[in-house]
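Peer 1: Structure file work.txt (compact mmCIF, C-alpha atoms) right here:
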# COMPACT_ATOMS: atom_id res chain seq x y z
CA MET A 716 83.84 166.98 53.14
CA THR A 717 85.63 170.08 52.21
CA ASN A 718 85.29 173.77 51.67
CA PRO A 719 86.97 176.46 49.57
CA ALA A 720 88.36 178.80 52.21
CA ALA A 721 87.08 182.12 51.00
CA ARG A 722 86.91 184.45 53.94
CA THR A 723 85.91 187.53 51.98
CA LEU A 724 82.95 187.69 49.66
CA LEU A 725 84.05 188.39 46.10
CA PRO A 726 81.65 190.17 43.79
CA LEU A 727 81.87 187.19 41.49
CA LEU A 728 80.44 184.98 44.21
CA LEU A 729 77.55 187.22 45.22
CA CYS A 730 75.02 185.27 43.22
CA THR A 731 71.37 185.88 44.01
CA VAL A 732 68.32 184.20 42.61
CA ALA A 733 65.33 186.21 41.45
CA GLY A 734 61.98 184.51 41.23
CA PRO A 735 61.33 180.80 41.79
CA ALA A 736 64.38 178.52 41.81
CA LEU A 737 64.82 175.86 39.19
CA ALA A 738 64.96 172.28 40.38
CA GLN A 739 68.27 170.49 39.96
CA GLU A 740 68.25 168.24 36.94
CA PRO A 741 70.80 165.56 36.05
CA VAL A 742 72.83 166.14 32.91
CA ALA A 743 74.28 163.64 30.48
CA ALA A 744 76.69 161.09 31.93
CA THR A 745 80.32 161.07 30.86
CA SER A 746 81.99 158.05 29.30
CA PRO A 747 84.69 156.30 31.32
CA PRO A 748 88.28 156.68 30.14
CA GLY A 749 89.87 153.73 28.42
CA GLY A 750 90.83 150.91 30.74
CA SER A 751 88.91 152.32 33.73
CA SER A 752 85.85 150.38 34.84
CA ALA A 753 85.96 150.44 38.64
CA LEU A 754 83.68 153.45 38.98
CA THR A 755 79.96 153.62 38.28
CA GLN A 756 78.39 157.03 37.83
CA VAL A 757 75.28 157.16 40.01
CA ALA A 758 74.25 160.73 39.21
CA ARG A 759 75.49 163.95 37.70
CA PHE A 760 74.36 167.34 38.93
CA GLN A 761 74.23 170.87 37.57
CA HIS A 762 75.44 172.23 40.92
CA GLN A 763 78.36 171.68 43.26
CA VAL A 764 77.75 168.68 45.51
CA THR A 765 79.72 167.85 48.65
CA GLY A 766 78.01 165.38 51.00
CA VAL A 767 76.43 161.99 50.38
CA THR A 768 74.93 159.41 52.71
CA VAL A 769 73.15 156.11 52.18
CA ALA A 770 70.51 155.15 54.75
CA GLN A 771 70.09 151.61 56.03
CA ASP A 772 67.17 151.10 53.64
CA GLY A 773 69.33 152.12 50.66
CA ARG A 774 67.93 155.62 50.16
CA ILE A 775 70.57 158.09 48.96
CA PHE A 776 70.82 161.71 50.09
CA VAL A 777 73.14 164.47 48.89
CA ASN A 778 73.69 168.15 49.67
CA PHE A 779 74.73 171.28 47.81
CA PRO A 780 76.45 174.12 49.73
CA ARG A 781 76.11 177.77 48.77
CA TRP A 782 79.69 178.37 47.70
CA THR A 783 79.93 180.06 44.31
CA GLU A 784 76.19 180.26 43.68
CA ASP A 785 72.91 180.60 45.51
CA SER A 786 72.12 176.92 45.01
CA PRO A 787 68.43 176.16 44.39
CA VAL A 788 68.50 173.05 46.61
CA SER A 789 70.45 172.41 49.82
CA VAL A 790 69.46 168.82 50.77
CA ALA A 791 68.03 166.30 48.35
CA GLU A 792 67.01 162.67 48.11
CA LEU A 793 67.95 160.92 44.88
CA LYS A 794 64.90 159.46 43.16
CA ASP A 795 65.47 157.82 39.78
CA GLY A 796 68.79 159.61 39.68
CA LYS A 797 67.23 163.04 40.22
CA PRO A 798 67.71 165.20 43.33
CA VAL A 799 64.39 166.00 45.02
CA PRO A 800 64.37 168.66 47.80
CA TYR A 801 64.31 167.00 51.23
CA PRO A 802 62.49 166.94 53.59
CA ASP A 803 60.46 169.46 51.58
CA GLY A 804 60.69 172.60 49.50
CA GLU A 805 60.17 174.94 52.44
CA TRP A 806 63.28 173.84 54.33
CA ASN A 807 65.18 174.32 51.06
CA SER A 808 63.72 177.75 50.27
CA TRP A 809 66.47 179.94 51.73
CA ARG A 810 67.93 182.35 49.19
CA ASN A 811 70.74 184.80 49.80
CA ALA A 812 68.61 187.48 48.17
CA ARG A 813 65.88 186.88 50.79
CA LYS A 814 68.15 186.77 53.84
CA ASP A 815 66.07 189.35 55.73
CA ALA A 816 62.79 187.60 54.96
CA VAL A 817 63.60 183.93 55.72
CA ASP A 818 64.17 182.51 59.21
CA PRO A 819 67.63 180.85 59.34
CA LYS A 820 66.50 178.73 62.28
CA THR A 821 63.99 176.80 60.18
CA HIS A 822 65.67 176.82 56.76
CA PHE A 823 68.88 175.37 55.37
CA VAL A 824 71.31 178.26 54.80
CA CYS A 825 74.56 176.62 53.65
CA VAL A 826 74.61 172.85 54.15
CA GLN A 827 77.98 171.13 54.12
CA SER A 828 77.19 167.49 54.90
CA VAL A 829 74.50 164.87 55.48
CA VAL A 830 74.84 161.64 57.47
CA ALA A 831 72.26 158.90 58.18
CA ASP A 832 72.53 157.15 61.55
CA LYS A 833 71.46 153.75 62.87
CA GLN A 834 68.39 155.22 64.55
CA GLY A 835 66.69 156.08 61.27
CA ARG A 836 67.58 159.76 61.24
CA LEU A 837 69.23 161.94 58.61
CA TRP A 838 71.56 164.50 60.18
CA VAL A 839 72.18 167.74 58.29
CA VAL A 840 75.14 170.01 59.10
CA ASP A 841 74.31 173.63 58.31
CA ALA A 842 77.46 175.79 58.49
CA ALA A 843 75.27 178.81 57.60
CA ALA A 844 78.15 180.66 55.92
CA PRO A 845 77.27 181.22 52.23
CA ALA A 846 80.34 181.65 50.01
CA MET A 847 82.43 180.82 53.09
CA ALA A 848 81.96 184.39 54.27
CA ALA A 849 80.03 185.67 57.29
CA VAL A 850 78.15 183.19 59.44
CA VAL A 851 74.44 184.05 59.30
CA LYS A 852 73.14 184.84 62.80
CA ASP A 853 71.06 181.97 64.23
CA GLY A 854 71.95 179.84 61.18
CA PRO A 855 74.53 177.26 62.37
CA LYS A 856 72.75 174.07 63.37
CA LEU A 857 72.52 170.31 63.31
CA VAL A 858 69.15 169.09 62.04
CA ALA A 859 67.73 165.59 62.46
CA ILE A 860 65.10 164.36 60.00
CA ASP A 861 63.05 161.24 60.78
CA LEU A 862 63.42 158.99 57.74
CA LYS A 863 60.10 157.26 58.43
CA THR A 864 58.00 160.40 58.60
CA ASN A 865 60.26 162.59 56.42
CA ALA A 866 59.81 165.40 58.95
CA VAL A 867 62.31 167.36 61.02
CA ALA A 868 62.51 165.70 64.43
CA LYS A 869 65.13 167.85 66.16
CA THR A 870 67.15 171.00 65.57
CA ILE A 871 70.26 171.70 67.64
CA ALA A 872 71.25 175.34 67.28
CA PHE A 873 74.87 176.40 67.78
CA ASP A 874 75.55 179.76 69.38
CA PRO A 875 78.73 181.82 68.73
CA SER A 876 80.60 179.98 71.49
CA VAL A 877 80.34 176.84 69.36
CA ALA A 878 80.18 178.31 65.82
CA PRO A 879 81.80 181.76 65.97
CA GLN A 880 82.31 184.12 63.05
CA GLY A 881 84.96 182.58 60.79
CA SER A 882 83.79 179.06 61.56
CA TYR A 883 82.66 176.56 58.95
CA LEU A 884 81.03 173.42 60.35
CA ASN A 885 82.13 170.67 58.03
CA ASP A 886 81.34 167.03 58.71
CA VAL A 887 79.66 164.92 61.38
CA ARG A 888 79.67 161.41 62.81
CA ILE A 889 77.02 159.99 65.12
CA ALA A 890 77.83 157.55 67.94
CA PRO A 891 76.43 154.02 67.46
CA ASP A 892 73.97 154.56 70.31
CA GLY A 893 72.75 157.78 68.71
CA LYS A 894 73.51 159.87 71.79
CA THR A 895 76.54 161.90 70.70
CA ALA A 896 77.54 163.81 67.58
CA TYR A 897 81.09 164.76 66.62
CA LEU A 898 81.79 167.55 64.12
CA THR A 899 84.80 169.22 62.57
CA ASP A 900 85.20 172.96 62.04
CA SER A 901 87.33 173.60 58.96
CA GLY A 902 87.12 177.39 59.24
CA ALA A 903 89.61 180.05 60.25
CA GLU A 904 90.17 178.37 63.61
CA GLY A 905 89.98 174.60 63.34
CA ALA A 906 88.22 172.70 66.11
CA LEU A 907 86.23 169.64 67.08
CA ILE A 908 82.66 170.03 68.32
CA VAL A 909 81.00 167.46 70.55
CA VAL A 910 77.21 167.44 70.95
CA ASP A 911 75.05 165.71 73.54
CA ILE A 912 72.07 164.97 71.30
CA GLU A 913 69.41 164.55 74.00
CA SER A 914 70.10 167.85 75.76
CA GLY A 915 71.37 169.72 72.72
CA LYS A 916 74.42 170.90 74.66
CA ALA A 917 77.55 171.36 72.55
CA LYS A 918 81.21 172.01 73.32
CA ARG A 919 83.93 173.44 71.09
CA LEU A 920 87.20 171.61 71.77
CA LEU A 921 90.83 171.77 70.62
CA ALA A 922 90.20 175.12 68.93
CA GLY A 923 93.29 176.41 67.21
CA VAL A 924 95.66 173.63 68.30
CA ALA A 925 98.09 172.28 65.72
CA ALA A 926 96.12 169.04 65.24
CA THR A 927 93.00 170.90 64.07
CA MET A 928 94.73 173.67 62.08
CA PRO A 929 96.27 173.74 58.56
CA ASP A 930 99.87 172.58 58.41
CA PRO A 931 101.99 175.54 57.20
CA ALA A 932 104.55 173.11 55.75
CA VAL A 933 101.99 171.51 53.40
CA THR A 934 101.05 172.88 49.97
CA VAL A 935 97.99 171.37 48.32
CA THR A 936 98.66 170.75 44.63
CA TYR A 937 96.72 169.77 41.56
CA ASP A 938 98.13 168.66 38.19
CA GLY A 939 101.55 168.97 39.81
CA LYS A 940 101.18 172.66 40.64
CA PRO A 941 100.16 174.48 43.82
CA LEU A 942 96.40 174.98 43.88
CA ARG A 943 95.89 178.71 44.29
CA ARG A 944 93.16 181.29 43.97
CA PRO A 945 93.49 183.96 41.25
CA ASP A 946 94.92 186.37 43.83
CA GLY A 947 97.64 183.87 44.79
CA ARG A 948 96.16 182.50 48.00
CA GLY A 949 96.59 178.78 48.49
CA VAL A 950 94.32 176.19 50.06
CA GLU A 951 93.72 176.68 53.79
CA PHE A 952 91.39 174.01 55.16
CA SER A 953 91.43 173.24 58.88
CA ALA A 954 90.03 170.06 60.50
CA ASP A 955 87.81 168.56 57.82
CA GLY A 956 87.60 164.79 57.29
CA ILE A 957 86.27 162.84 60.27
CA ALA A 958 85.67 159.15 61.00
CA LEU A 959 84.36 157.16 63.94
CA SER A 960 85.21 153.55 64.76
CA PRO A 961 82.21 151.18 64.59
CA ASP A 962 82.30 150.71 68.37
CA GLY A 963 82.20 154.47 68.84
CA LYS A 964 85.36 154.48 70.96
CA THR A 965 87.83 156.25 68.66
CA LEU A 966 87.46 159.45 66.62
CA TYR A 967 89.77 160.24 63.70
CA TRP A 968 90.23 163.54 61.83
CA GLN A 969 92.63 165.59 59.77
CA ALA A 970 93.01 168.90 57.96
CA ILE A 971 93.04 168.94 54.16
CA LYS A 972 95.98 171.34 54.20
CA GLY A 973 97.81 168.80 56.26
CA LYS A 974 99.27 165.34 56.00
CA THR A 975 98.68 163.85 59.43
CA LEU A 976 95.79 161.70 60.62
CA TYR A 977 94.98 162.14 64.32
CA SER A 978 92.76 160.29 66.77
CA LEU A 979 91.39 160.51 70.29
CA PRO A 980 89.41 158.13 72.48
CA THR A 981 85.87 159.47 72.48
CA ASP A 982 85.57 159.20 76.25
CA THR A 983 88.14 161.98 76.51
CA LEU A 984 85.93 164.18 74.33
CA THR A 985 82.69 163.59 76.24
CA GLY A 986 84.01 163.94 79.78
CA TRP A 987 82.87 167.56 79.94
CA LEU A 988 79.27 166.37 80.24
CA THR A 989 79.83 165.02 83.75
CA ALA A 990 83.08 166.67 84.87
CA PRO A 991 83.12 169.77 87.07
CA MET A 992 83.72 173.13 85.39
CA MET A 993 87.22 173.51 84.00
CA PRO A 994 88.77 176.55 82.26
CA GLU A 995 88.63 176.18 78.47
CA ALA A 996 92.38 176.61 78.03
CA LEU A 997 93.14 173.94 80.62
CA ALA A 998 90.60 171.53 79.12
CA ASP A 999 92.10 171.89 75.63
CA LYS A 1000 95.64 171.53 76.98
CA THR A 1001 94.68 168.30 78.73
CA LEU A 1002 93.00 166.96 75.59
CA ALA A 1003 95.87 167.97 73.31
CA GLY A 1004 98.23 165.87 75.40
CA LYS A 1005 96.15 162.78 74.66
CA ILE A 1006 96.01 163.16 70.85
CA VAL A 1007 97.40 160.17 68.97
CA THR A 1008 99.30 160.62 65.71
CA VAL A 1009 98.02 157.71 63.61
CA GLY A 1010 100.12 158.28 60.48
CA GLU A 1011 100.53 160.40 57.39
CA ASN A 1012 97.84 160.51 54.71
CA GLY A 1013 99.05 163.54 52.82
CA PRO A 1014 96.38 166.12 51.90
CA ALA A 1015 93.06 164.28 52.23
CA ASP A 1016 89.40 165.17 52.40
CA GLY A 1017 86.80 162.50 53.18
CA LEU A 1018 87.36 159.71 55.72
CA LEU A 1019 85.27 156.61 56.33
CA ILE A 1020 85.87 153.47 58.39
CA ASP A 1021 84.66 150.15 57.01
CA ARG A 1022 81.85 148.53 58.98
CA ASP A 1023 84.17 145.91 60.46
CA GLY A 1024 86.53 148.64 61.65
CA SER A 1025 89.58 147.24 59.87
CA ARG A 1026 90.10 149.78 57.10
CA LEU A 1027 89.99 153.55 56.81
CA TYR A 1028 89.09 154.87 53.37
CA VAL A 1029 90.61 158.22 52.37
CA THR A 1030 89.88 160.55 49.46
CA SER A 1031 93.03 162.01 47.91
CA PRO A 1032 92.16 165.08 45.80
CA GLN A 1033 95.71 165.75 44.62
CA ASP A 1034 95.91 162.61 42.49
CA ASP A 1035 92.25 161.76 41.73
CA SER A 1036 92.29 158.72 43.95
CA ILE A 1037 90.73 156.79 46.79
CA LYS A 1038 93.13 155.14 49.20
CA VAL A 1039 92.89 152.89 52.22
CA ARG A 1040 94.74 152.44 55.49
CA ASP A 1041 94.88 149.20 57.47
CA LEU A 1042 93.99 150.35 60.99
CA ALA A 1043 95.21 147.12 62.56
CA ALA A 1044 98.74 147.56 61.18
CA LYS A 1045 100.28 150.33 63.25
CA GLN A 1046 103.05 151.18 60.78
CA ALA A 1047 101.00 150.68 57.60
CA GLY A 1048 100.82 153.47 55.07
CA LEU A 1049 98.21 154.11 52.41
CA THR A 1050 97.49 151.89 49.45
CA THR A 1051 95.47 152.88 46.41
CA LEU A 1052 92.04 151.38 45.68
CA VAL A 1053 90.96 153.55 42.74
CA GLN A 1054 92.79 156.18 40.73
CA ASP A 1055 90.76 157.75 37.95
CA PRO A 1056 90.82 161.19 36.25
CA ARG A 1057 87.05 161.37 36.68
CA LEU A 1058 87.58 161.68 40.45
CA ARG A 1059 88.05 165.45 40.31
CA TRP A 1060 88.35 166.27 43.97
CA PRO A 1061 86.85 163.16 45.54
CA ASP A 1062 85.09 164.65 48.53
CA THR A 1063 82.78 162.63 50.77
CA PHE A 1064 82.15 158.92 51.36
CA SER A 1065 79.22 156.79 52.40
CA GLN A 1066 78.78 153.02 52.47
CA GLY A 1067 75.61 151.34 51.27
CA PRO A 1068 73.90 148.35 52.93
CA ASP A 1069 75.63 145.94 50.53
CA GLY A 1070 79.09 147.40 51.19
CA THR A 1071 79.20 149.55 48.05
CA LEU A 1072 81.12 152.79 48.58
CA TYR A 1073 79.70 156.06 47.29
CA VAL A 1074 81.84 159.16 46.77
CA THR A 1075 81.07 162.66 45.56
CA THR A 1076 83.39 164.66 43.32
CA SER A 1077 83.07 168.35 44.15
CA HIS A 1078 85.50 169.68 41.50
CA ILE A 1079 86.85 172.34 43.84
CA GLN A 1080 89.85 172.97 41.61
CA ASP A 1081 87.44 173.76 38.75
CA SER A 1082 85.35 176.22 40.76
CA ALA A 1083 85.31 180.00 40.56
CA PHE A 1084 87.27 180.06 43.82
CA TYR A 1085 90.35 178.72 42.04
CA LYS A 1086 89.74 179.09 38.32
CA GLU A 1087 89.14 182.40 36.61
CA GLY A 1088 86.20 182.30 34.24
CA ALA A 1089 84.69 179.17 35.81
CA PRO A 1090 80.88 179.00 35.88
CA ILE A 1091 79.27 179.78 39.20
CA ALA A 1092 77.04 176.71 38.77
CA LEU A 1093 79.54 173.85 38.69
CA PRO A 1094 78.56 170.39 37.35
CA THR A 1095 79.60 167.57 39.70
CA GLU A 1096 79.03 163.83 40.14
CA LEU A 1097 78.24 160.98 42.50
CA TRP A 1098 80.14 157.72 41.93
CA SER A 1099 80.05 154.24 43.41
CA PHE A 1100 82.41 151.27 43.47
CA LYS A 1101 82.82 147.95 45.24
CA PRO A 1102 85.95 147.91 47.43
CA ALA A 1103 88.54 145.38 46.34
CA THR A 1104 92.03 144.50 47.48
CA ALA A 1105 94.16 147.63 47.49
CA GLN A 1106 97.07 147.87 45.09
CA ARG A 1107 100.36 149.47 46.07
Could you render the structure as structure tokens?
Peer 2:
Amino acid sequence: MTNPAARTLLPLLLCTVAGPALAQEPVAATSPPGGSSALTQVARFQHQVTGVTVAQDGRIFVNFPRWTEDSPVSVAELKDGKPVPYPDGEWNSWRNARKDAVDPKTHFVCVQSVVADKQGRLWVVDAAAPAMAAVVKDGPKLVAIDLKTNAVAKTIAFDPSVAPQGSYLNDVRIAPDGKTAYLTDSGAEGALIVVDIESGKAKRLLAGVAATMPDPAVTVTYDGKPLRRPDGRGVEFSADGIALSPDGKTLYWQAIKGKTLYSLPTDTLTGWLTAPMMPEALADKTLAGKIVTVGENGPADGLLIDRDGSRLYVTSPQDDSIKVRDLAAKQAGLTTLVQDPRLRWPDTFSQGPDGTLYVTTSHIQDSAFYKEGAPIALPTELWSFKPATAQR
């Protein structure tokens, strides 16, 4: 799950919506290129999508961040291929133009990802930083929606010690027992955030260490050229993709502007809940010494571990592909599952009950952040495919 790192608000991106917002409608599907049949287009949207998740009952949810436009819907459930505001219109009624009139505590401000857990809850990560600019006060939060009642069951608010100015909460994974949440911060200072769900207590960890920051030696490219903004700035994404082993014992992550996949045992990340007080700098130094370098993925966005824990799926935006790593083979590199020009910035994964993989294409390289004259409302897609044996 990724983000265009725009730290200053350009006039082009200051889109406001006057009057009632239009519902998101699907647009005509594209035809597959010759010889490519692995992908199935599930939906196409008029707005820039990032996150997708498939609940245990097969329901599909997506989200639309406020990046280059004041998106009319933040979180939606797909019904007959159409995105319907979820859990209701009120939670989705934030508008940048009404910032002073809408409570950011009870509305989605800028949602970056959605993840369904095994306890029947949909978790929504609200970075609350429209256009990747200032974080809206009282906006950063993790929201749980009960999938049986379709009502918000819990809201965990993050104060500036967890989500400071310059932060951008990106993706989340929930422990198998439903007691702990792990998030990445892909903002100006990369970090991991660990949340005790019952108490709502959260801790910002490994802030600014090399493993959570962009790699200065890496240049993200597209079509063989460095991907840059009109003013020459390149891609600068901190810790972004995140994955959790099925047993909940190992957390993986990496920066998009990076090449290295890292991991940590989760018990090292949750020790602060029971340990005596320790200075932040000392805690991070101790943690940093335990980080494992798993291998090199190259610039990558979404991460997902197969249900049996054997394979890590990786989205590779630079070459329109989805790759896989054998986690049991310590020295194994990546192999390619799908490479298709329709995968324009493959972003976020989810796995359906039958094993089908779903992936969003957020078209970041086609957005107004990186392409002069691009529309502020950017059409994007949701795809699915059945994993097969990877091809080298």
Peer 1: CA of Ser882 (chain A) and CA of Asp818 (chain A), how far apart in Å?
Peer 2: 20.1 Å
Peer 1: Choose the residue, out of A:Ala848, A:Ile1006, A:Ala958, A:Cys825, that has the smallest atom-to-atom separation from Arg1026 (chain A); count all atoms listed in the file.
Peer 2: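 With all atoms listed in the file as the atom set, the closest residue is A:Ala958.
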Peer 1: As a list in words, please: the residues near Ala1083 (chain A) (cut-off 9 Å, all atoms listed in the file, same-chain neighbours under 2 positions excluded).
Peer 2: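 Counting all atoms listed in the file, the residues come to Leu727, Leu728, Thr783, Arg944, Ile1079, Gln1080, Asp1081, Tyr1085, Lys1086, Glu1087, Gly1088, Ala1089, Pro1090, Ile1091 and Leu1093 of chain A.
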Peer 1: Work out how far CA of Leu1018 (chain A) is from CA of Ser1082 (chain A), in Å to one decimal.
Peer 2: 22.4 Å
Peer 1: Could you tell me which of A:Leu1049, A:Val933, A:Val950, A:Leu921 comes closest to Leu1002 (chain A) if we count all atoms listed in the file?
Peer 2: A:Leu921
Peer 1: Calculated over all atoms listed in the file, which of the candidates A:Pro941, A:Pro1068, A:Gly1017, A:Gly947 has the smallest distance to Ile971 (chain A)?
Peer 2: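 So, comparing all the options, the nearest one is A:Gly1017.
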Peer 1: Given only C-alpha atoms as the basis, pick out the residue of A:Lys972, A:Arg836, A:Lys918, A:Arg943 nearest to Gly902 (chain A).
Peer 2: A:Lys972
Peer 1: Tell me, in Å to one decimal, how far CA of Trp1098 (chain A) is from CA of Ala753 (chain A).
Peer 2: 9.9 Å
Peer 1: Extract, using all atoms listed in the file, all DNA, RNA and protein residues at most 6 Å from Asp1055 (chain A), discarding same-chain residues fewer than 2 positions from it, and format them as an NGL selection string.
Peer 2: :A and (1035 or 1057-1058)
Peer 1: Go through A:Ala906, A:Leu1097, A:Ala1092, A:Ala917 one by one, measure the shortest atom-to-atom distance of each to Leu793 (chain A) using all atoms listed in the file, and give the residue with the smallest value.
Peer 2: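 Among the listed residues, the smallest separation from Leu793 (chain A) belongs to A:Leu1097.
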Peer 1: Could you pull region 1008-1016 of chain A out of the structure I just pasted and write it to a file containing all heavy atoms, as a PDB file, in the first residue's frame?
Peer 2:
ATOM      1  N   THR A1008      17.754  -9.258   8.030  1.00  0.00           N
ATOM      2  CA  THR A1008      17.705  -8.955   6.601  1.00  0.00           C
ATOM      3  C   THR A1008      17.324 -10.232   5.865  1.00  0.00           C
ATOM      4  O   THR A1008      18.102 -11.185   5.802  1.00  0.00           O
ATOM      5  CB  THR A1008      19.061  -8.445   6.096  1.00  0.00           C
ATOM      6  OG1 THR A1008      19.380  -7.223   6.777  1.00  0.00           O
ATOM      7  CG2 THR A1008      19.019  -8.189   4.594  1.00  0.00           C
ATOM      8  N   VAL A1009      16.104 -10.256   5.328  1.00  0.00           N
ATOM      9  CA  VAL A1009      15.586 -11.473   4.697  1.00  0.00           C
ATOM     10  C   VAL A1009      16.162 -11.659   3.299  1.00  0.00           C
ATOM     11  O   VAL A1009      16.518 -12.762   2.889  1.00  0.00           O
ATOM     12  CB  VAL A1009      14.047 -11.428   4.645  1.00  0.00           C
ATOM     13  CG1 VAL A1009      13.496 -12.698   3.989  1.00  0.00           C
ATOM     14  CG2 VAL A1009      13.471 -11.257   6.036  1.00  0.00           C
ATOM     15  N   GLY A1010      16.233 -10.576   2.532  1.00  0.00           N
ATOM     16  CA  GLY A1010      16.729 -10.647   1.161  1.00  0.00           C
ATOM     17  C   GLY A1010      16.370  -9.383   0.413  1.00  0.00           C
ATOM     18  O   GLY A1010      15.792  -8.449   0.983  1.00  0.00           O
ATOM     19  N   GLU A1011      16.700  -9.356  -0.867  1.00  0.00           N
ATOM     20  CA  GLU A1011      16.431  -8.182  -1.680  1.00  0.00           C
ATOM     21  C   GLU A1011      15.232  -8.418  -2.597  1.00  0.00           C
ATOM     22  O   GLU A1011      15.201  -9.401  -3.343  1.00  0.00           O
ATOM     23  CB  GLU A1011      17.664  -7.796  -2.501  1.00  0.00           C
ATOM     24  CG  GLU A1011      18.816  -7.296  -1.641  1.00  0.00           C
ATOM     25  CD  GLU A1011      19.941  -6.687  -2.467  1.00  0.00           C
ATOM     26  OE1 GLU A1011      19.828  -6.664  -3.715  1.00  0.00           O
ATOM     27  OE2 GLU A1011      20.925  -6.226  -1.858  1.00  0.00           O
ATOM     28  N   ASN A1012      14.267  -7.508  -2.518  1.00  0.00           N
ATOM     29  CA  ASN A1012      13.101  -7.544  -3.397  1.00  0.00           C
ATOM     30  C   ASN A1012      13.193  -6.524  -4.511  1.00  0.00           C
ATOM     31  O   ASN A1012      12.456  -6.604  -5.488  1.00  0.00           O
ATOM     32  CB  ASN A1012      11.820  -7.248  -2.597  1.00  0.00           C
ATOM     33  CG  ASN A1012      11.380  -8.407  -1.723  1.00  0.00           C
ATOM     34  OD1 ASN A1012      11.810  -9.539  -1.916  1.00  0.00           O
ATOM     35  ND2 ASN A1012      10.532  -8.121  -0.760  1.00  0.00           N
ATOM     36  N   GLY A1013      14.083  -5.536  -4.372  1.00  0.00           N
ATOM     37  CA  GLY A1013      14.014  -4.377  -5.239  1.00  0.00           C
ATOM     38  C   GLY A1013      12.845  -3.517  -4.799  1.00  0.00           C
ATOM     39  O   GLY A1013      12.108  -3.876  -3.862  1.00  0.00           O
ATOM     40  N   PRO A1014      12.620  -2.358  -5.410  1.00  0.00           N
ATOM     41  CA  PRO A1014      11.473  -1.528  -5.035  1.00  0.00           C
ATOM     42  C   PRO A1014      10.179  -2.342  -5.100  1.00  0.00           C
ATOM     43  O   PRO A1014       9.870  -2.962  -6.112  1.00  0.00           O
ATOM     44  CB  PRO A1014      11.493  -0.409  -6.073  1.00  0.00           C
ATOM     45  CG  PRO A1014      12.939  -0.280  -6.432  1.00  0.00           C
ATOM     46  CD  PRO A1014      13.450  -1.700  -6.438  1.00  0.00           C
ATOM     47  N   ALA A1015       9.445  -2.367  -4.008  1.00  0.00           N
ATOM     48  CA  ALA A1015       8.226  -3.174  -3.912  1.00  0.00           C
ATOM     49  C   ALA A1015       7.211  -2.436  -3.051  1.00  0.00           C
ATOM     50  O   ALA A1015       7.576  -1.628  -2.200  1.00  0.00           O
ATOM     51  CB  ALA A1015       8.531  -4.544  -3.320  1.00  0.00           C
ATOM     52  N   ASP A1016       5.946  -2.746  -3.289  1.00  0.00           N
ATOM     53  CA  ASP A1016       4.884  -2.067  -2.560  1.00  0.00           C
ATOM     54  C   ASP A1016       4.158  -3.042  -1.640  1.00  0.00           C
ATOM     55  O   ASP A1016       4.485  -3.185  -0.478  1.00  0.00           O
ATOM     56  CB  ASP A1016       3.930  -1.409  -3.563  1.00  0.00           C
ATOM     57  CG  ASP A1016       2.976  -0.430  -2.906  1.00  0.00           C
ATOM     58  OD1 ASP A1016       2.773  -0.525  -1.686  1.00  0.00           O
ATOM     59  OD2 ASP A1016       2.430   0.429  -3.611  1.00  0.00           O
TER      60      ASP A1016
END
